[in-house]
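Data first, discussion second: the structure below is written as structure tokens.
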Amino acid sequence: MNIQEQANMYAEGKANEAITKAIAEAYIEGYKAGYKDREEEIPMELRTNQVEYVDLGLPSGTLWSTDYERLDGEIQYLTYEKAKTMKLPTKEQWEELYSVCKWRCELKKDKFGCHKYYYAECVGPNGNTLKFIRTGLIEFTGIEVHDRSYFWLEYAKDANNKNSIHLFYNNHLRNTEGYLENCFIGFKLPVRLVK
């Protein structure tokens, strides 16, 4: 084999290597772009940013997520249709959290000197805590309502069509009769997960 033939074989090998590498890189970039487009539809347990849960010592053993669902650091507001694919708390899990834990509220003064709810914190039987900040909701018209703390609840027929939690009313933690609410499923509310 002369030098020309050796050069041709070497060049052919390098060309195949470069083409293979370019195709692989294009495939990876396409996969990443497609994954990003569909990320909201992927259950949280399967995403790379794993959900953190806190054990509050509840009798059922239910663990609550330490924070609302977030994307790039911002709370996600989802319609019920998107949220229902996630592991939402049931009415019974919420009632257990509300009745078994001790609750305290943090109030701050607004620019007019009026006290406004800032966050609620529940303290579990084992002393671990969980915060619920004022999140509000986004109406289907795009109007943001920020004076309350909402999150989706798993819909159950025996819950009288109640599908969300509304923690505060008139800057006080709501009583056990007033926290369940039936939100329009086209509204966008934050999500808290359980397991």
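Numbering starts fresh at 1 for the residues of each chain in the structure tokens, the chains themselves are lettered A, B, ... in the order given, and ligands are numbered from 1 as they appear.
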Check your understanding: Which residues, written as a ChimeraX atom specification, have at least one atom at most 8 Å from Ile138 (chain A), with only C-alpha atoms counted and residues fewer than 2 positions away on the same chain left out?
Key -> /A:77,136,140-145,187-189
Convert the current residue selection to file output with N, CA, C and O atoms, as a CSV table (one decimal), in the first residue's frame.
chain,number,residue,atom,x,y,z
A,77,TYR,N,-47.5,28.2,38.5
A,77,TYR,CA,-49.0,28.3,38.6
A,77,TYR,C,-49.6,27.4,37.5
A,77,TYR,O,-49.3,27.7,36.3
A,136,GLY,N,-51.3,33.4,46.3
A,136,GLY,CA,-52.3,33.9,45.4
A,136,GLY,C,-52.6,32.9,44.3
A,136,GLY,O,-52.3,31.7,44.4
A,140,PHE,N,-58.3,32.9,35.0
A,140,PHE,CA,-58.2,32.6,33.6
A,140,PHE,C,-58.0,33.8,32.7
A,140,PHE,O,-57.6,33.6,31.6
A,141,THR,N,-58.4,34.9,33.2
A,141,THR,CA,-58.2,36.2,32.4
A,141,THR,C,-56.8,36.7,32.5
A,141,THR,O,-56.4,37.6,31.8
A,142,GLY,N,-55.9,36.1,33.4
A,142,GLY,CA,-54.6,36.5,33.5
A,142,GLY,C,-54.4,37.4,34.7
A,142,GLY,O,-53.3,37.8,35.1
A,143,ILE,N,-55.5,37.8,35.4
A,143,ILE,CA,-55.4,38.7,36.5
A,143,ILE,C,-54.9,37.9,37.7
A,143,ILE,O,-55.3,36.8,38.0
A,144,GLU,N,-53.9,38.5,38.4
A,144,GLU,CA,-53.2,37.8,39.5
A,144,GLU,C,-53.9,38.3,40.8
A,144,GLU,O,-54.1,39.5,41.0
A,145,VAL,N,-54.3,37.4,41.7
A,145,VAL,CA,-54.8,37.7,43.0
A,145,VAL,C,-53.8,37.2,44.0
A,145,VAL,O,-53.5,36.0,44.1
A,187,PHE,N,-58.4,28.3,36.5
A,187,PHE,CA,-57.5,29.2,37.3
A,187,PHE,C,-56.1,28.5,37.4
A,187,PHE,O,-56.0,27.3,37.3
A,188,LYS,N,-55.1,29.2,37.6
A,188,LYS,CA,-53.7,28.7,37.8
A,188,LYS,C,-53.4,28.9,39.3
A,188,LYS,O,-53.3,30.0,39.8
A,189,LEU,N,-53.1,27.7,40.0
A,189,LEU,CA,-52.8,27.7,41.4
A,189,LEU,C,-51.4,27.1,41.6
A,189,LEU,O,-51.0,26.3,40.7
Review point. Among region 58-130 of chain A, which ones does DSSP place in alpha helix (DSSP H), written as a ChimeraX atom specification?
Key: /A:80-83,91-100
Please produce an output containing N, CA, C and O atoms for each residue in the selection, written as a compact mmCIF listing (two decimals), in the first residue's frame.
# COMPACT_ATOMS: atom_id res chain seq x y z
N TYR A 80 -55.78 23.07 36.86
CA TYR A 80 -56.01 21.76 37.48
C TYR A 80 -55.71 20.63 36.50
O TYR A 80 -55.20 19.58 36.91
N GLU A 81 -55.98 20.84 35.24
CA GLU A 81 -55.72 19.79 34.24
C GLU A 81 -54.25 19.39 34.22
O GLU A 81 -53.93 18.23 34.07
N LYS A 82 -53.35 20.35 34.36
CA LYS A 82 -51.92 20.02 34.40
C LYS A 82 -51.50 19.49 35.76
O LYS A 82 -50.69 18.59 35.87
N ALA A 83 -52.07 20.04 36.82
CA ALA A 83 -51.67 19.66 38.18
C ALA A 83 -52.15 18.26 38.56
O ALA A 83 -51.50 17.57 39.33
N LYS A 91 -58.00 15.36 50.38
CA LYS A 91 -58.75 16.07 51.43
C LYS A 91 -58.35 15.52 52.80
O LYS A 91 -58.12 16.28 53.75
N GLU A 92 -58.24 14.20 52.91
CA GLU A 92 -57.90 13.57 54.18
C GLU A 92 -56.48 13.92 54.62
O GLU A 92 -56.23 14.17 55.81
N GLN A 93 -55.54 13.98 53.69
CA GLN A 93 -54.17 14.36 54.04
C GLN A 93 -54.11 15.80 54.51
O GLN A 93 -53.38 16.13 55.45
N TRP A 94 -54.88 16.69 53.86
CA TRP A 94 -54.91 18.07 54.30
C TRP A 94 -55.53 18.19 55.70
O TRP A 94 -55.00 18.88 56.56
N GLU A 95 -56.65 17.49 55.92
CA GLU A 95 -57.30 17.57 57.23
C GLU A 95 -56.39 17.06 58.34
O GLU A 95 -56.37 17.61 59.44
N GLU A 96 -55.61 16.02 58.04
CA GLU A 96 -54.65 15.51 59.02
C GLU A 96 -53.60 16.58 59.32
O GLU A 96 -53.30 16.86 60.49
N LEU A 97 -53.04 17.18 58.29
CA LEU A 97 -52.02 18.22 58.48
C LEU A 97 -52.59 19.37 59.30
O LEU A 97 -51.95 19.85 60.25
N TYR A 98 -53.78 19.80 58.95
CA TYR A 98 -54.40 20.96 59.60
C TYR A 98 -54.71 20.67 61.06
O TYR A 98 -54.52 21.53 61.93
N SER A 99 -55.21 19.47 61.36
CA SER A 99 -55.65 19.18 62.73
C SER A 99 -54.54 18.65 63.64
O SER A 99 -54.57 18.91 64.84
N VAL A 100 -53.56 17.95 63.11
CA VAL A 100 -52.51 17.35 63.94
C VAL A 100 -51.39 18.34 64.24
O VAL A 100 -50.80 18.30 65.32
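Considering the residues A:Glu121, A:Glu154, A:Glu29, A:Glu181 and counting only C-alpha atoms, His166 (chain A) has its shortest atom-to-atom contact with A:Glu181.
CA of Thr85 (chain A) sits 28.2 Å away from CA of Val123 (chain A).
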Check your understanding: Which neighbours of Ser149 (chain A) fall inside 8 Å, counting only C-alpha atoms, when residues of the same chain fewer than 3 positions from it are skipped, and could you give them as a VMD selection string?
Key -> chain A and resid 132 to 136 146 165 to 168
